[in-house]
Amino acid sequence: MLRIIASVAIALLVLLQPASAQRDRDRRPDVGESDREVLLGEKSVGFRVDRDTINIGQSEDWYRNRSFRALRFHADRNDVHMMALRIVYLNGHAQDLRVDRRIRAGGDLRVDLRGDRSYLKQIEMTYRSRPNFEGQAVVRVFGEPARRRDDRRRG
C-alpha cells in the first residue's frame, strides 16, 4: 500500500513539474515578443559596493519596435541592495535615480520610464549583495515594451 501511495505521489510530481516550468517562462521570459519583457542583460554582484554597466549595444534599427515603458530588476541567489541607477538613453540624455532599496532574492524592483526617452543605450547600476554563505547574487534587467499607438487604438 505504501509503495502505491509513493508511486502516485511521484507520478503527480512529474506531471506538475512542466506546468510550473511553463508558468516561470510566462512570468520571466528571456526574450519576449512585442507584448512580453525582453532580457536586456545580467550581472553578478560582489559583496562590496560595485558599479556595473549593461550596454544594450543595439543599432537604432533594433529600437523601431522596441521602446520600453519600464525596467524590472530581478535579484537571484541572494539579496541585493540597489543604491543608484543611471539610465542613458539613445538620444544622449541620462537620468540619475537614487534607489536605496533592498531587492530580496527572487524579488523585483520596477522603474518606470517616461516619454521619448524610453530608447535605452545603457544602464549603470551601483549596488552590493548581502554577505552570506549563499554566494554572489545575480541581477537580471528586463525591459517592458511600450505599447505602440496602433495597439492603444485597437484595445
# chains A, B, ... in the order shown; residues from 1 in each chain; ligands from 1

$ residues_around --residues "range 48-55 of chain A" --least-positions-apart "5" --cutoff "12 Å" --atoms "only C-alpha atoms" --output "PyMOL selection string"
chain A and resi 39-43+73+80-90+120-131+136-142

$ write_last_selection --atoms "C-alpha atoms" --output "PDB file, in the first residue's frame"
ATOM      1  CA  LEU A  39      16.075  40.444 -21.151  1.00  0.00           C
ATOM      2  CA  LEU A  40      18.456  43.389 -21.541  1.00  0.00           C
ATOM      3  CA  GLY A  41      21.344  41.942 -19.548  1.00  0.00           C
ATOM      4  CA  GLU A  42      22.555  40.418 -16.318  1.00  0.00           C
ATOM      5  CA  LYS A  43      25.452  40.905 -13.917  1.00  0.00           C
ATOM      6  CA  PHE A  73      15.481  44.462 -11.914  1.00  0.00           C
ATOM      7  CA  VAL A  80      20.882  42.930  -3.466  1.00  0.00           C
ATOM      8  CA  HIS A  81      20.984  46.447  -2.079  1.00  0.00           C
ATOM      9  CA  MET A  82      20.449  48.734  -5.089  1.00  0.00           C
ATOM     10  CA  MET A  83      21.874  52.155  -4.251  1.00  0.00           C
ATOM     11  CA  ALA A  84      21.596  54.105  -7.503  1.00  0.00           C
ATOM     12  CA  LEU A  85      20.799  53.789 -11.189  1.00  0.00           C
ATOM     13  CA  ARG A  86      21.929  55.834 -14.146  1.00  0.00           C
ATOM     14  CA  ILE A  87      19.909  55.261 -17.287  1.00  0.00           C
ATOM     15  CA  VAL A  88      21.462  56.539 -20.507  1.00  0.00           C
ATOM     16  CA  TYR A  89      19.132  56.904 -23.482  1.00  0.00           C
ATOM     17  CA  LEU A  90      19.872  56.652 -27.178  1.00  0.00           C
ATOM     18  CA  LEU A 120      17.866  52.714 -23.930  1.00  0.00           C
ATOM     19  CA  LYS A 121      21.579  52.782 -24.634  1.00  0.00           C
ATOM     20  CA  GLN A 122      22.941  51.585 -21.287  1.00  0.00           C
ATOM     21  CA  ILE A 123      22.041  51.025 -17.649  1.00  0.00           C
ATOM     22  CA  GLU A 124      24.566  51.721 -14.887  1.00  0.00           C
ATOM     23  CA  MET A 125      23.904  50.145 -11.503  1.00  0.00           C
ATOM     24  CA  THR A 126      25.535  50.848  -8.148  1.00  0.00           C
ATOM     25  CA  TYR A 127      24.810  48.042  -5.687  1.00  0.00           C
ATOM     26  CA  ARG A 128      26.086  45.382  -3.330  1.00  0.00           C
ATOM     27  CA  SER A 129      24.856  41.970  -2.225  1.00  0.00           C
ATOM     28  CA  ARG A 130      24.409  40.829   1.340  1.00  0.00           C
ATOM     29  CA  PRO A 131      27.378  38.738   2.504  1.00  0.00           C
ATOM     30  CA  GLN A 136      27.039  36.106  -5.098  1.00  0.00           C
ATOM     31  CA  ALA A 137      23.763  37.479  -6.351  1.00  0.00           C
ATOM     32  CA  VAL A 138      22.790  37.822  -9.997  1.00  0.00           C
ATOM     33  CA  VAL A 139      20.808  40.833 -11.192  1.00  0.00           C
ATOM     34  CA  ARG A 140      18.813  40.474 -14.409  1.00  0.00           C
ATOM     35  CA  VAL A 141      17.365  43.542 -16.104  1.00  0.00           C
ATOM     36  CA  PHE A 142      14.201  43.148 -18.159  1.00  0.00           C
TER      37      PHE A 142
END

$ atom_distance --atom1 "CA of Ser44 in chain A" --atom2 "CA of Asp112 in chain A"
23.3 Å

$ atom_distance --atom1 "CA of Arg114 in chain A" --atom2 "CA of Gly92 in chain A"
14.9 Å

$ select_by_dssp --residues "range 33-155 of chain A" --states "alpha helix (DSSP H)" --output "list in words"
Arg149, Asp150, Asp151, Arg152, Arg153 and Arg154 of chain A

$ write_last_selection --atoms "N, CA and C atoms" --output "compact mmCIF listing (two decimals), in the first residue's frame"
# COMPACT_ATOMS: atom_id res chain seq x y z
N ARG A 149 1.17 53.16 -30.53
CA ARG A 149 -0.08 53.91 -30.63
C ARG A 149 -1.17 53.12 -31.33
N ASP A 150 -0.80 52.30 -32.31
CA ASP A 150 -1.78 51.47 -33.01
C ASP A 150 -2.42 50.46 -32.06
N ASP A 151 -1.62 49.90 -31.11
CA ASP A 151 -2.13 48.95 -30.15
C ASP A 151 -3.14 49.60 -29.21
N ARG A 152 -2.91 50.84 -28.82
CA ARG A 152 -3.82 51.54 -27.92
C ARG A 152 -5.18 51.79 -28.60
N ARG A 153 -5.15 52.09 -29.88
CA ARG A 153 -6.40 52.36 -30.61
C ARG A 153 -7.24 51.08 -30.73
N ARG A 154 -6.56 49.94 -30.95
CA ARG A 154 -7.29 48.68 -31.11
C ARG A 154 -7.90 48.22 -29.79

$ closest_residue --among "A:Val45, A:Gln95, A:Arg36, A:Arg101" --to "Arg66 in chain A" --atoms "only C-alpha atoms"
A:Arg36

$ decode --residues "range 25-124 of chain A" --atoms "C-alpha atoms" --output "mmCIF file, in the first residue's frame"
data_model
loop_
_atom_site.group_PDB
_atom_site.id
_atom_site.type_symbol
_atom_site.label_atom_id
_atom_site.label_comp_id
_atom_site.auth_asym_id
_atom_site.auth_seq_id
_atom_site.Cartn_x
_atom_site.Cartn_y
_atom_site.Cartn_z
ATOM 1 C CA ARG A 25 8.675 31.011 -18.578
ATOM 2 C CA ASP A 26 5.474 33.029 -18.944
ATOM 3 C CA ARG A 27 6.335 35.234 -15.990
ATOM 4 C CA ARG A 28 10.022 35.836 -16.804
ATOM 5 C CA PRO A 29 10.839 35.217 -20.450
ATOM 6 C CA ASP A 30 14.436 35.759 -21.554
ATOM 7 C CA VAL A 31 13.427 37.153 -24.907
ATOM 8 C CA GLY A 32 9.907 38.300 -25.443
ATOM 9 C CA GLU A 33 7.639 39.170 -28.251
ATOM 10 C CA SER A 34 6.120 42.616 -28.621
ATOM 11 C CA ASP A 35 3.891 42.163 -25.543
ATOM 12 C CA ARG A 36 6.458 40.441 -23.301
ATOM 13 C CA GLU A 37 9.526 41.526 -21.378
ATOM 14 C CA VAL A 38 12.941 41.466 -23.027
ATOM 15 C CA LEU A 39 16.075 40.444 -21.151
ATOM 16 C CA LEU A 40 18.456 43.389 -21.541
ATOM 17 C CA GLY A 41 21.344 41.942 -19.548
ATOM 18 C CA GLU A 42 22.555 40.418 -16.318
ATOM 19 C CA LYS A 43 25.452 40.905 -13.917
ATOM 20 C CA SER A 44 26.932 39.063 -10.939
ATOM 21 C CA VAL A 45 27.071 41.189 -7.806
ATOM 22 C CA GLY A 46 30.020 41.064 -5.417
ATOM 23 C CA PHE A 47 29.855 41.572 -1.655
ATOM 24 C CA ARG A 48 31.342 45.057 -1.716
ATOM 25 C CA VAL A 49 29.918 48.147 -3.346
ATOM 26 C CA ASP A 50 30.120 47.626 -7.070
ATOM 27 C CA ARG A 51 29.219 49.559 -10.200
ATOM 28 C CA ASP A 52 28.333 47.677 -13.356
ATOM 29 C CA THR A 53 27.082 48.767 -16.742
ATOM 30 C CA ILE A 54 24.740 46.873 -19.011
ATOM 31 C CA ASN A 55 25.288 48.061 -22.564
ATOM 32 C CA ILE A 56 22.251 47.401 -24.690
ATOM 33 C CA GLY A 57 24.524 47.634 -27.726
ATOM 34 C CA GLN A 58 21.881 47.581 -30.432
ATOM 35 C CA SER A 59 21.614 49.645 -33.589
ATOM 36 C CA GLU A 60 18.909 52.268 -33.980
ATOM 37 C CA ASP A 61 17.005 49.901 -36.296
ATOM 38 C CA TRP A 62 16.593 47.417 -33.420
ATOM 39 C CA TYR A 63 14.640 50.060 -31.471
ATOM 40 C CA ARG A 64 11.984 50.763 -34.108
ATOM 41 C CA ASN A 65 9.525 48.454 -32.368
ATOM 42 C CA ARG A 66 11.302 48.207 -29.028
ATOM 43 C CA SER A 67 10.795 51.235 -26.872
ATOM 44 C CA PHE A 68 10.390 50.400 -23.201
ATOM 45 C CA ARG A 69 7.969 51.823 -20.655
ATOM 46 C CA ALA A 70 9.548 50.192 -17.599
ATOM 47 C CA LEU A 71 12.572 48.265 -16.378
ATOM 48 C CA ARG A 72 12.398 45.358 -13.969
ATOM 49 C CA PHE A 73 15.481 44.462 -11.914
ATOM 50 C CA HIS A 74 15.298 40.871 -10.652
ATOM 51 C CA ALA A 75 17.660 39.515 -7.948
ATOM 52 C CA ASP A 76 18.591 35.816 -7.845
ATOM 53 C CA ARG A 77 20.633 33.722 -5.382
ATOM 54 C CA ASN A 78 20.992 36.481 -2.768
ATOM 55 C CA ASP A 79 19.594 39.833 -1.657
ATOM 56 C CA VAL A 80 20.882 42.930 -3.466
ATOM 57 C CA HIS A 81 20.984 46.447 -2.079
ATOM 58 C CA MET A 82 20.449 48.734 -5.089
ATOM 59 C CA MET A 83 21.874 52.155 -4.251
ATOM 60 C CA ALA A 84 21.596 54.105 -7.503
ATOM 61 C CA LEU A 85 20.799 53.789 -11.189
ATOM 62 C CA ARG A 86 21.929 55.834 -14.146
ATOM 63 C CA ILE A 87 19.909 55.261 -17.287
ATOM 64 C CA VAL A 88 21.462 56.539 -20.507
ATOM 65 C CA TYR A 89 19.132 56.904 -23.482
ATOM 66 C CA LEU A 90 19.872 56.652 -27.178
ATOM 67 C CA ASN A 91 19.437 60.427 -27.605
ATOM 68 C CA GLY A 92 22.256 61.059 -25.079
ATOM 69 C CA HIS A 93 20.050 62.082 -22.158
ATOM 70 C CA ALA A 94 20.987 60.485 -18.816
ATOM 71 C CA GLN A 95 18.707 60.038 -15.844
ATOM 72 C CA ASP A 96 20.168 59.530 -12.351
ATOM 73 C CA LEU A 97 17.968 57.762 -9.822
ATOM 74 C CA ARG A 98 18.760 57.294 -6.154
ATOM 75 C CA VAL A 99 17.119 54.000 -5.260
ATOM 76 C CA ASP A 100 18.495 52.933 -1.845
ATOM 77 C CA ARG A 101 16.349 49.806 -1.712
ATOM 78 C CA ARG A 102 16.952 46.141 -0.994
ATOM 79 C CA ILE A 103 15.735 43.591 -3.523
ATOM 80 C CA ARG A 104 15.236 40.251 -1.824
ATOM 81 C CA ALA A 105 16.414 37.094 -3.598
ATOM 82 C CA GLY A 106 13.652 36.197 -6.027
ATOM 83 C CA GLY A 107 12.204 39.718 -5.807
ATOM 84 C CA ASP A 108 11.910 42.598 -8.234
ATOM 85 C CA LEU A 109 12.372 46.351 -8.439
ATOM 86 C CA ARG A 110 10.354 48.143 -11.122
ATOM 87 C CA VAL A 111 11.405 51.507 -12.595
ATOM 88 C CA ASP A 112 9.031 53.396 -14.902
ATOM 89 C CA LEU A 113 10.435 55.175 -17.949
ATOM 90 C CA ARG A 114 8.773 58.266 -19.355
ATOM 91 C CA GLY A 115 8.245 59.768 -22.783
ATOM 92 C CA ASP A 116 10.537 59.664 -25.791
ATOM 93 C CA ARG A 117 13.497 58.799 -23.603
ATOM 94 C CA SER A 118 12.450 55.151 -23.466
ATOM 95 C CA TYR A 119 15.021 54.067 -26.076
ATOM 96 C CA LEU A 120 17.866 52.714 -23.930
ATOM 97 C CA LYS A 121 21.579 52.782 -24.634
ATOM 98 C CA GLN A 122 22.941 51.585 -21.287
ATOM 99 C CA ILE A 123 22.041 51.025 -17.649
ATOM 100 C CA GLU A 124 24.566 51.721 -14.887
#
